[in-house]
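Structure file target.tsv (TSV, C-alpha atoms) is printed below.
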chain	number	residue	atom	x	y	z
A	925	MET	CA	91.09	29.78	45.33
A	926	ASP	CA	92.87	28.79	48.52
A	927	GLU	CA	95.31	26.40	46.88
A	928	LEU	CA	96.54	29.09	44.51
A	929	GLU	CA	97.14	31.45	47.42
A	930	LEU	CA	99.02	28.67	49.18
A	931	LEU	CA	101.08	28.15	46.07
A	932	LYS	CA	101.77	31.88	45.83
A	933	LYS	CA	103.04	31.92	49.40
A	934	ASP	CA	105.28	28.95	48.71
A	935	TRP	CA	106.44	30.39	45.41
A	936	GLN	CA	107.50	33.66	46.95
A	937	LYS	CA	109.08	31.94	49.92
A	938	ASN	CA	111.29	29.84	47.67
A	939	ASN	CA	113.15	32.81	46.26
A	940	ASN	CA	116.55	31.76	47.47
A	941	THR	CA	116.48	28.07	46.82
A	942	PHE	CA	117.91	28.16	43.33
A	943	GLU	CA	121.43	27.19	42.47
A	944	LYS	CA	122.95	30.66	42.15
A	945	LYS	CA	124.93	31.38	39.02
A	946	SER	CA	128.15	33.22	39.67
A	947	SER	CA	129.17	36.23	37.62
A	948	SER	CA	131.79	34.12	35.85
A	949	ASP	CA	129.07	31.58	34.90
A	950	LEU	CA	127.01	34.43	33.52
A	951	TYR	CA	129.95	35.96	31.60
A	952	ALA	CA	130.54	32.56	29.99
A	953	MET	CA	126.88	32.27	29.01
A	954	LEU	CA	126.91	35.60	27.18
A	955	HIS	CA	129.31	34.17	24.63
A	956	LYS	CA	127.48	30.91	24.05
A	957	LYS	CA	125.50	30.41	20.87
A	958	SER	CA	121.78	31.02	20.91
A	959	SER	CA	119.57	28.18	19.78
A	960	SER	CA	116.49	30.33	19.40
A	961	LEU	CA	113.69	29.58	16.97
A	962	VAL	CA	114.21	32.88	15.16
A	963	LYS	CA	117.85	32.11	14.53
A	964	LYS	CA	116.98	28.67	13.22
A	965	LEU	CA	114.27	30.02	10.96
A	966	PHE	CA	116.65	32.68	9.71
A	967	TYR	CA	119.23	30.10	8.68
A	968	ILE	CA	116.57	27.96	7.04
A	969	SER	CA	115.31	30.99	5.09
A	970	ILE	CA	118.82	31.81	3.91
A	971	ALA	CA	119.35	28.17	2.90
A	972	GLU	CA	116.06	28.19	0.96
A	973	LEU	CA	116.99	31.39	-0.76
A	974	ILE	CA	120.44	30.14	-1.73
A	975	PHE	CA	118.99	26.86	-2.92
A	976	LEU	CA	116.34	28.47	-5.11
A	977	ILE	CA	118.77	30.99	-6.57
A	978	SER	CA	121.34	28.24	-7.20
A	979	VAL	CA	118.84	26.06	-9.01
A	980	ASN	CA	117.77	28.98	-11.19
A	981	VAL	CA	121.06	30.67	-11.88
A	982	LEU	CA	124.10	28.44	-11.32
A	983	PRO	CA	123.73	26.02	-14.24
A	984	PHE	CA	123.34	29.00	-16.51
A	985	VAL	CA	126.43	30.73	-15.11
A	986	PHE	CA	128.78	27.76	-14.82
A	987	SER	CA	127.88	25.47	-17.68
A	988	LYS	CA	128.80	26.77	-21.08
A	989	SER	CA	126.94	24.01	-22.91
A	990	TYR	CA	123.81	24.59	-20.81
A	991	ARG	CA	123.99	28.30	-21.59
A	992	GLN	CA	124.44	27.64	-25.29
A	993	HIS	CA	121.63	25.15	-25.33
A	994	PHE	CA	119.39	27.49	-23.36
A	995	ASN	CA	120.11	30.37	-25.71
A	996	LYS	CA	119.48	28.17	-28.72
A	997	VAL	CA	116.08	27.11	-27.46
A	998	TYR	CA	114.81	30.25	-25.83
A	999	ASN	CA	116.83	33.21	-27.08
A	1000	ASP	CA	114.29	34.79	-29.33
A	1001	SER	CA	111.49	35.42	-26.98
A	1002	LEU	CA	110.56	38.65	-25.26
A	1003	LEU	CA	108.77	36.44	-22.74
A	1004	ASN	CA	112.05	34.82	-21.69
A	1005	GLN	CA	113.72	38.16	-21.15
A	1006	SER	CA	110.73	39.45	-19.17
A	1007	ILE	CA	110.76	36.35	-16.99
A	1008	GLU	CA	114.46	36.79	-16.30
A	1009	VAL	CA	114.04	40.44	-15.32
A	1010	LEU	CA	111.00	39.61	-13.20
A	1011	SER	CA	112.91	36.84	-11.41
A	1012	TYR	CA	115.72	39.16	-10.39
A	1013	VAL	CA	113.32	41.90	-9.29
A	1014	VAL	CA	111.40	39.39	-7.17
A	1015	ILE	CA	114.59	37.99	-5.61
A	1016	ILE	CA	115.83	41.47	-4.68
A	1017	LEU	CA	112.42	42.47	-3.34
A	1018	PHE	CA	112.17	39.25	-1.37
A	1019	VAL	CA	115.64	39.66	0.18
A	1020	ILE	CA	114.84	43.23	1.25
A	1021	LEU	CA	111.47	42.22	2.72
A	1022	LEU	CA	112.97	39.22	4.50
A	1023	PHE	CA	115.78	41.15	6.16
A	1024	ARG	CA	113.50	44.00	7.18
A	1025	SER	CA	111.09	41.54	8.66
A	1026	TYR	CA	113.78	39.64	10.56
A	1027	LYS	CA	115.16	42.89	11.93
A	1028	SER	CA	111.71	43.81	13.21
A	1029	ILE	CA	111.59	40.69	15.41
A	1030	THR	CA	112.51	41.72	18.91
A	1031	VAL	CA	112.28	39.78	22.12
A	1032	VAL	CA	111.36	42.94	24.04
A	1033	ASP	CA	107.99	43.21	22.29
A	1034	ASP	CA	104.95	41.87	24.05
A	1035	THR	CA	104.44	38.13	23.50
A	1036	LYS	CA	101.64	38.44	20.98
A	1037	LYS	CA	103.49	41.01	18.87
A	1038	LEU	CA	106.64	38.89	18.92
A	1039	MET	CA	104.76	35.83	17.71
A	1040	LYS	CA	103.05	37.89	15.03
A	1041	SER	CA	106.33	39.22	13.65
A	1042	ILE	CA	107.86	35.73	13.52
A	1043	LEU	CA	104.83	34.35	11.70
A	1044	ARG	CA	104.81	37.33	9.31
A	1045	THR	CA	108.46	36.71	8.48
A	1046	ARG	CA	107.73	33.07	7.76
A	1047	LYS	CA	104.88	34.14	5.51
A	1048	ILE	CA	107.29	36.12	3.35
A	1049	VAL	CA	109.39	33.01	2.73
A	1050	LYS	CA	106.23	31.01	2.18
A	1051	TYR	CA	105.05	33.43	-0.50
A	1052	TYR	CA	108.42	33.25	-2.19
A	1053	VAL	CA	108.28	29.47	-2.31
A	1054	LEU	CA	104.68	29.64	-3.55
A	1055	TYR	CA	105.73	32.11	-6.23
A	1056	ASN	CA	108.48	29.73	-7.36
A	1057	LEU	CA	106.14	26.77	-7.46
A	1058	THR	CA	103.52	28.71	-9.42
A	1059	PHE	CA	106.22	29.69	-11.86
A	1060	ILE	CA	107.29	26.06	-12.16
A	1061	VAL	CA	103.74	24.88	-12.82
A	1062	ILE	CA	103.18	27.50	-15.51
A	1063	LEU	CA	106.58	27.64	-17.14
A	1064	VAL	CA	107.94	24.11	-17.04
A	1065	PRO	CA	105.29	22.77	-19.45
A	1066	TYR	CA	105.97	25.72	-21.72
A	1067	PHE	CA	109.77	25.28	-21.63
A	1068	MET	CA	109.49	21.52	-22.07
A	1069	TYR	CA	107.26	22.01	-25.06
A	1070	LYS	CA	109.79	24.42	-26.56
A	1071	ALA	CA	112.65	22.06	-25.82
A	1072	ILE	CA	110.88	19.16	-27.46
A	1073	LYS	CA	110.07	21.33	-30.45
A	1074	THR	CA	113.73	22.35	-30.82
A	1075	ASN	CA	115.03	18.79	-30.45
A	1076	SER	CA	112.50	17.48	-32.91
A	1077	SER	CA	114.77	14.57	-33.81
A	1078	GLU	CA	113.61	12.77	-30.68
A	1079	ILE	CA	109.91	13.41	-30.98
A	1080	ASP	CA	108.55	14.24	-34.37
A	1081	LEU	CA	106.00	16.88	-33.54
A	1082	GLU	CA	105.11	17.39	-37.19
A	1083	HIS	CA	103.52	13.98	-37.37
A	1084	LEU	CA	101.65	13.99	-34.10
A	1085	THR	CA	97.90	14.35	-34.17
A	1086	ASN	CA	96.28	17.19	-32.24
A	1087	PHE	CA	95.09	14.68	-29.66
A	1088	GLN	CA	98.61	13.34	-29.16
A	1089	ILE	CA	99.98	16.86	-28.73
A	1090	LEU	CA	97.22	17.60	-26.23
A	1091	LYS	CA	98.07	14.41	-24.38
A	1092	LEU	CA	101.75	15.35	-24.32
A	1093	ILE	CA	101.08	18.84	-22.94
A	1094	GLY	CA	98.54	17.46	-20.46
A	1095	GLY	CA	101.02	14.83	-19.28
A	1096	ILE	CA	103.78	17.38	-18.77
A	1097	PHE	CA	101.41	19.72	-16.98
A	1098	LEU	CA	100.10	17.02	-14.67
A	1099	PHE	CA	103.58	15.81	-13.86
A	1100	THR	CA	104.66	19.36	-13.02
A	1101	LEU	CA	101.58	19.95	-10.90
A	1102	LEU	CA	102.17	16.74	-9.01
A	1103	PHE	CA	105.82	17.61	-8.45
A	1104	ALA	CA	104.91	21.10	-7.19
A	1105	GLY	CA	102.19	19.61	-4.98
A	1106	VAL	CA	104.58	17.19	-3.33
A	1107	VAL	CA	107.17	19.95	-2.73
A	1108	TRP	CA	104.48	22.21	-1.26
A	1109	PHE	CA	103.18	19.43	0.97
A	1110	ILE	CA	106.65	18.60	2.33
A	1111	TYR	CA	107.40	22.27	2.82
A	1112	ASN	CA	104.25	22.83	4.85
A	1113	LEU	CA	104.78	19.64	6.81
A	1114	ILE	CA	108.28	20.70	7.87
A	1115	TYR	CA	107.16	24.17	8.91
A	1116	GLY	CA	104.06	22.77	10.50
A	1117	ILE	CA	106.32	20.77	12.80
A	1118	ILE	CA	108.82	23.57	13.46
A	1119	LEU	CA	106.16	26.18	14.12
A	1120	ARG	CA	103.55	23.97	15.76
A	1121	ARG	CA	104.13	25.28	19.27
A	1122	LEU	CA	104.32	28.90	18.13
A	1123	ASN	CA	101.11	28.60	16.11
A	1124	ARG	CA	99.32	26.95	19.01
A	1125	ASN	CA	100.37	29.66	21.45
A	1126	TYR	CA	99.53	32.44	19.01
A	1127	LYS	CA	96.06	30.99	18.48
A	1128	GLU	CA	95.63	30.78	22.24
A	1129	LEU	CA	96.45	34.49	22.61
A	1130	LYS	CA	94.19	35.41	19.69
A	1131	LYS	CA	91.37	33.38	21.21
A	1132	MET	CA	91.55	35.55	24.31
A	1133	GLU	CA	90.71	38.62	22.25
A	1134	VAL	CA	87.44	37.19	20.94
B	1028	MET	CA	132.89	44.57	22.92
B	1029	ASP	CA	131.77	47.25	25.34
B	1030	LYS	CA	133.22	45.94	28.60
B	1031	PRO	CA	131.55	48.34	31.06
B	1032	SER	CA	128.18	47.51	29.56
B	1033	GLU	CA	128.86	43.77	29.83
B	1034	HIS	CA	129.92	44.26	33.42
B	1035	ASN	CA	126.85	46.31	34.13
B	1036	PHE	CA	124.61	43.67	32.58
B	1037	VAL	CA	126.14	40.75	34.46
B	1038	GLU	CA	125.90	42.67	37.71
B	1039	LEU	CA	122.18	43.32	37.16
B	1040	LEU	CA	121.50	39.77	36.03
B	1041	GLU	CA	123.37	38.25	38.94
B	1042	LYS	CA	121.31	40.34	41.32
B	1043	HIS	CA	117.96	39.47	39.71
B	1044	GLN	CA	118.69	35.96	38.43
B	1045	ASN	CA	115.85	34.50	40.46
B	1046	ILE	CA	113.38	35.81	37.90
B	1047	VAL	CA	115.07	33.73	35.21
B	1048	HIS	CA	115.24	30.71	37.50
B	1049	LYS	CA	111.53	30.99	38.21
B	1050	VAL	CA	110.64	31.11	34.51
B	1051	CYS	CA	112.80	28.03	34.03
B	1052	ARG	CA	111.14	26.28	36.93
B	1053	LEU	CA	107.73	26.74	35.37
B	1054	TYR	CA	108.64	25.82	31.80
B	1055	THR	CA	111.08	22.96	32.34
B	1056	ASN	CA	111.06	19.85	34.47
B	1057	ASN	CA	114.60	18.76	34.87
B	1058	TYR	CA	118.00	20.09	35.75
B	1059	ASP	CA	119.48	20.04	32.23
B	1060	ALA	CA	116.48	21.65	30.60
B	1061	HIS	CA	116.43	24.27	33.37
B	1062	ASN	CA	120.03	25.17	32.61
B	1063	ASP	CA	119.45	25.16	28.85
B	1064	LEU	CA	116.58	27.59	29.15
B	1065	PHE	CA	118.48	29.70	31.68
B	1066	GLN	CA	121.30	30.04	29.19
B	1067	GLU	CA	118.99	30.91	26.29
B	1068	ILE	CA	117.20	33.57	28.35
B	1069	THR	CA	120.56	35.01	29.39
B	1070	ILE	CA	121.66	35.21	25.75
B	1071	GLN	CA	118.38	36.84	24.71
B	1072	LEU	CA	118.58	39.32	27.60
B	1073	TRP	CA	122.13	40.20	26.64
B	1074	LYS	CA	121.24	40.59	22.96
B	1075	ALA	CA	118.34	42.86	23.87
B	1076	PHE	CA	120.28	44.79	26.52
B	1077	PRO	CA	121.33	47.63	24.16
B	1078	LYS	CA	117.62	48.29	23.64
B	1079	PHE	CA	117.01	48.54	27.36
B	1080	ARG	CA	116.73	52.25	27.97
B	1081	GLY	CA	115.92	52.16	31.60
B	1082	ASP	CA	112.48	53.72	31.17
B	1083	SER	CA	111.03	50.57	32.66
B	1084	LYS	CA	112.44	48.64	35.58
B	1085	PHE	CA	115.12	46.10	34.70
B	1086	THR	CA	113.09	43.42	36.41
B	1087	THR	CA	109.91	44.24	34.44
B	1088	TRP	CA	111.97	43.98	31.28
B	1089	MET	CA	113.41	40.67	32.46
B	1090	TYR	CA	109.96	39.19	32.97
B	1091	ARG	CA	109.04	40.06	29.39
B	1092	VAL	CA	112.22	38.73	27.76
B	1093	GLY	CA	112.24	35.66	29.99
B	1094	LEU	CA	108.66	34.71	29.20
B	1095	ASN	CA	109.03	35.48	25.50
B	1096	THR	CA	112.05	33.23	25.32
B	1097	ALA	CA	110.35	30.40	27.19
B	1098	ILE	CA	107.08	30.61	25.25
B	1099	THR	CA	108.21	31.61	21.79
B	1100	LEU	CA	111.91	31.31	21.11
B	1101	TYR	CA	113.03	28.33	23.11
B	1102	ARG	CA	112.94	25.00	21.37
B	1103	LYS	CA	112.66	22.24	23.88
B	1104	SER	CA	115.56	19.86	23.69
B	1105	LYS	CA	115.06	16.18	23.12
B	1106	ARG	CA	115.54	15.58	26.79
B	1107	ARG	CA	111.90	14.88	27.44
B	1108	ILE	CA	110.65	15.94	30.76
B	1109	LYS	CA	109.04	13.55	33.18
B	1110	THR	CA	106.55	14.87	35.68
B	1111	GLN	CA	108.14	12.81	38.42
B	1112	GLU	CA	111.48	14.52	37.89
B	1113	PHE	CA	109.73	17.86	38.12
B	1114	ASP	CA	108.07	16.97	41.39
B	1115	ALA	CA	111.33	15.88	42.87
B	1116	ILE	CA	112.95	19.19	42.06
B	1117	GLN	CA	110.07	21.23	43.38
B	1118	PHE	CA	109.60	19.41	46.61
B	1119	LYS	CA	113.11	19.19	47.79
B	1120	ILE	CA	112.63	22.88	48.26
B	1121	SER	CA	109.62	23.13	50.43
B	1122	ALA	CA	108.91	19.79	51.97
B	1123	GLU	CA	110.68	20.47	55.22
B	1124	GLU	CA	108.76	23.64	55.92
B	1125	TYR	CA	105.18	22.41	55.67
B	1126	ASP	CA	102.99	19.95	57.38
B	1127	SER	CA	102.11	16.91	55.33
B	1128	THR	CA	98.62	18.15	54.26
B	1129	GLU	CA	100.02	21.41	52.98
B	1130	GLU	CA	102.88	19.60	51.39
B	1131	GLU	CA	100.50	17.30	49.58
B	1132	GLN	CA	98.32	20.21	48.49
B	1133	LEU	CA	101.33	22.05	47.14
B	1134	LYS	CA	102.57	19.02	45.33
B	1135	LEU	CA	99.20	18.64	43.61
B	1136	MET	CA	99.11	22.34	42.77
B	1137	TYR	CA	102.55	22.28	41.17
B	1138	GLN	CA	101.51	19.24	39.18
B	1139	ALA	CA	98.29	20.96	38.09
B	1140	VAL	CA	100.12	24.12	37.02
B	1141	HIS	CA	102.44	21.99	35.01
B	1142	GLN	CA	99.51	20.62	33.03
B	1143	LEU	CA	98.51	24.09	31.83
B	1144	ASN	CA	99.46	25.30	28.36
B	1145	ASP	CA	102.29	27.80	27.80
B	1146	ILE	CA	100.08	30.90	27.86
B	1147	GLU	CA	98.16	29.79	30.94
B	1148	LYS	CA	101.46	29.11	32.68
B	1149	ALA	CA	102.58	32.64	31.85
B	1150	LEU	CA	99.42	34.05	33.44
B	1151	VAL	CA	99.91	31.94	36.55
B	1152	PHE	CA	103.59	32.88	36.71
B	1153	LEU	CA	102.83	36.61	36.63
B	1154	TYR	CA	100.05	36.08	39.16
B	1155	LEU	CA	102.39	34.20	41.50
B	1156	GLU	CA	104.87	37.02	41.10
B	1157	ASP	CA	102.16	39.38	42.30
B	1158	LYS	CA	101.95	41.35	39.08
B	1159	ASP	CA	98.83	43.42	38.50
B	1160	TYR	CA	96.59	42.89	35.48
B	1161	ARG	CA	97.97	45.95	33.72
B	1162	GLU	CA	101.46	44.46	33.76
B	1163	ILE	CA	100.16	41.02	32.80
B	1164	SER	CA	98.28	42.47	29.82
B	1165	GLU	CA	101.29	44.55	28.71
B	1166	THR	CA	103.63	41.57	28.92
B	1167	LEU	CA	101.43	39.22	26.93
B	1168	GLY	CA	99.93	41.76	24.53
B	1169	ILE	CA	96.30	41.23	25.46
B	1170	SER	CA	93.79	43.61	27.03
B	1171	GLU	CA	93.51	43.97	30.79
B	1172	VAL	CA	89.90	42.73	30.74
B	1173	ASN	CA	90.90	39.64	28.77
B	1174	ALA	CA	93.81	38.95	31.10
B	1175	ARG	CA	91.37	39.05	34.02
B	1176	VAL	CA	88.83	36.82	32.27
B	1177	LYS	CA	91.52	34.35	31.23
B	1178	MET	CA	92.99	34.25	34.74
B	1179	ASN	CA	89.58	33.35	36.14
B	1180	ARG	CA	89.30	30.57	33.59
B	1181	VAL	CA	92.74	29.30	34.52
B	1182	LYS	CA	91.72	29.22	38.19
B	1183	LYS	CA	88.65	27.19	37.23
B	1184	LYS	CA	90.76	24.89	35.12
B	1185	LEU	CA	93.16	24.32	38.01
B	1186	LYS	CA	90.20	23.53	40.24
B	1187	THR	CA	88.95	20.97	37.71
B	1188	ILE	CA	92.38	19.37	37.49
B	1189	LEU	CA	92.59	19.16	41.27
B	1190	ASN	CA	89.02	17.92	41.74
B	1191	PRO	CA	88.13	15.97	38.62

Starting from the file, give its structure as structure tokens.
Amino acid sequence: MDELELLKKDWQKNNNTFEKKSSSDLYAMLHKKSSSLVKKLFYISIAELIFLISVNVLPFVFSKSYRQHFNKVYNDSLLNQSIEVLSYVVIILFVILLFRSYKSITVVDDTKKLMKSILRTRKIVKYYVLYNLTFIVILVPYFMYKAIKTNSSEIDLEHLTNFQILKLIGGIFLFTLLFAGVVWFIYNLIYGIILRRLNRNYKELKKMEV
Amino acid sequence: MDKPSEHNFVELLEKHQNIVHKVCRLYTNNYDAHNDLFQEITIQLWKAFPKFRGDSKFTTWMYRVGLNTAITLYRKSKRRIKTQEFDAIQFKISAEEYDSTEEEQLKLMYQAVHQLNDIEKALVFLYLEDKDYREISETLGISEVNARVKMNRVKKKLKTILNP
């Protein structure tokens, strides 16, 4: 293609037409803050992690009345203790996986490998969020049912018909599912926007291998 | 901070800064965006410098980090780029040296290249820099055969853009 050869000639000819950066300019740049995608994603992941842990743990730690109420409602169950242990194990596992994955991202890899490691790291956070939402969908109806049963002064479960109980559980379950669905949708929308360019470029590279 | 290493890095970067400028030229279209990307590539190069062991050439390593930053890590700022601005930057450079037909051809070519997607631009960039297909494939992480096939497709695509 003649035009491309012409462009190549021009391109190579124009080597010295750039505004040269002095060594002092370059020294200054070394100490500026990076605004890279990986750094942004890392901060978002940390924020997500802190948020989820805070929601789960902080009210329990800082509010005496919440703790007392929680213990009153749920203290007897082996299931509750198992869930608590499982939650901590998952958090620790997730933190280890996340940091290992972030450390494996290096700009000196080839482009495809770099993109793959960023997307893999995002997947880890995605799975953690999915795990939390699944837990919410399964456990919130259960905990709400237990809470209602404990505070039976407000709703008299004894006198509800089976159909009414079924309706109550169904309502709680649907509400939880809807809530989780909306959170999941917003989550994917945000990451869809942030990672749109990366996903597009990764697909383009993958397409070349077919 | 390891001062001799910083000094060493700046010295190398100052000497080979054209590579970074060229990546910026291809992936940005205005002065501010060019400088933003230049800065981000410099930061990424510096961060990765301890991993540079010298078993490849510094320039080869720069191509890789520069392209990776432009394609993957750099988030375009809100300063949206206008093609006209891009043309103005490009053609201040070469207009004086060519006759008007060549100048026009070049202008159209630069515009066409700018319409390519990020990966296609990377292929064209490495081609313009006279890199062989082995180096192109190693930089992008695709096979040599696929790099060759894709480059041919890009040439066809450029032809279509130029002669719709």

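Taking atom CA of A:Arg1046 and atom CA of A:Tyr1126 as endpoints, the distance between them is 13.9 Å.
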
### Query
Which residue out of B:Leu1185, B:Lys1158, B:Gly1093, B:Leu1100 has the minimum interatomic distance to chain A when all atoms listed in the file are used?
B:Leu1100

### Query
Can you tell me, as a ChimeraX atom specification, what residues are no more than 8 Å from A:Ser960 when counting all atoms listed in the file, ignoring any on the same chain fewer than 4 positions away?
/A:964 /B:1067,1096,1100-1102

### Message
Should the cut-off be 8 Å, what would the residue list for chain B against chain A look like, counting all atoms listed in the file, as a PyMOL selection string?
### Response
chain B and resi 1037-1038+1041+1044-1045+1048+1066-1067+1069-1071+1073+1075+1088+1091-1092+1094-1096+1098-1102+1120-1121+1132-1133+1136-1137+1145-1146+1155-1156+1165-1170+1173-1174+1177+1182

Dump C-alpha atoms for the selected residues as a short mmCIF file (atom, residue, chain, number, x, y, z; two decimals), keeping the file's coordinate frame?
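For reference, part.cif as written:
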data_model
loop_
_atom_site.label_atom_id
_atom_site.label_comp_id
_atom_site.auth_asym_id
_atom_site.auth_seq_id
_atom_site.Cartn_x
_atom_site.Cartn_y
_atom_site.Cartn_z
CA VAL B 1037 126.14 40.75 34.46
CA GLU B 1038 125.90 42.67 37.71
CA GLU B 1041 123.37 38.25 38.94
CA GLN B 1044 118.69 35.96 38.43
CA ASN B 1045 115.85 34.50 40.46
CA HIS B 1048 115.24 30.71 37.50
CA GLN B 1066 121.30 30.04 29.19
CA GLU B 1067 118.99 30.91 26.29
CA THR B 1069 120.56 35.01 29.39
CA ILE B 1070 121.66 35.21 25.75
CA GLN B 1071 118.38 36.84 24.71
CA TRP B 1073 122.13 40.20 26.64
CA ALA B 1075 118.34 42.86 23.87
CA TRP B 1088 111.97 43.98 31.28
CA ARG B 1091 109.04 40.06 29.39
CA VAL B 1092 112.22 38.73 27.76
CA LEU B 1094 108.66 34.71 29.20
CA ASN B 1095 109.03 35.48 25.50
CA THR B 1096 112.05 33.23 25.32
CA ILE B 1098 107.08 30.61 25.25
CA THR B 1099 108.21 31.61 21.79
CA LEU B 1100 111.91 31.31 21.11
CA TYR B 1101 113.03 28.33 23.11
CA ARG B 1102 112.94 25.00 21.37
CA ILE B 1120 112.63 22.88 48.26
CA SER B 1121 109.62 23.13 50.43
CA GLN B 1132 98.32 20.21 48.49
CA LEU B 1133 101.33 22.05 47.14
CA MET B 1136 99.11 22.34 42.77
CA TYR B 1137 102.55 22.28 41.17
CA ASP B 1145 102.29 27.80 27.80
CA ILE B 1146 100.08 30.90 27.86
CA LEU B 1155 102.39 34.20 41.50
CA GLU B 1156 104.87 37.02 41.10
CA GLU B 1165 101.29 44.55 28.71
CA THR B 1166 103.63 41.57 28.92
CA LEU B 1167 101.43 39.22 26.93
CA GLY B 1168 99.93 41.76 24.53
CA ILE B 1169 96.30 41.23 25.46
CA SER B 1170 93.79 43.61 27.03
CA ASN B 1173 90.90 39.64 28.77
CA ALA B 1174 93.81 38.95 31.10
CA LYS B 1177 91.52 34.35 31.23
CA LYS B 1182 91.72 29.22 38.19
#

### Message
Taking 3 positions as the minimum chain separation for residues in the same chain, which residues sit within 10 Å of A:Pro1065 when counting only C-alpha atoms? Answer as a VMD selection string.
### Response
chain A and resid 1060 to 1062 1068 to 1071 1092 to 1101

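The spacing separating atom CA of A:Tyr1026 from atom CA of A:Ser1041 amounts to 8.1 Å.
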
### Atomic distance atom CA of B:Val1181 - atom CA of B:Asp1059, expressed in Å with one decimal
28.4 Å

Once you add 8 Å to each side, what are the centre and edge lengths of the axis-aligned box holding all listed atoms of stretch 1104-1111 of chain A? One decimal in Å, as lines of an AutoDock Vina configuration file, if you can.
center_x = 104.8
center_y = 19.7
center_z = -2.2
size_x = 21.2
size_y = 21.1
size_z = 26.0

### Which residue of B:Arg1052, B:Lys1134, B:His1043, B:His1061 approaches B:Ala1149 most closely, using only C-alpha atoms
B:Arg1052

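Residues in contact with B:Phe1036 at 8 Å, where all atoms listed in the file are counted and same-chain residues fewer than 3 positions away are skipped, are listed as Ser1032, Glu1033, Leu1039, Leu1040, Trp1073 and Phe1076 of chain B.
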
Residues near A:Phe1023, anyone? I mean within 9 Å using only C-alpha atoms, not counting same-chain ones fewer than 5 positions away, as a CSV table (one decimal) with C-alpha atoms, keeping the file's coordinate frame.
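Heads up, here's the output in out_25.csv:
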chain,number,residue,atom,x,y,z
A,1018,PHE,CA,112.2,39.2,-1.4
A,1028,SER,CA,111.7,43.8,13.2
A,1045,THR,CA,108.5,36.7,8.5
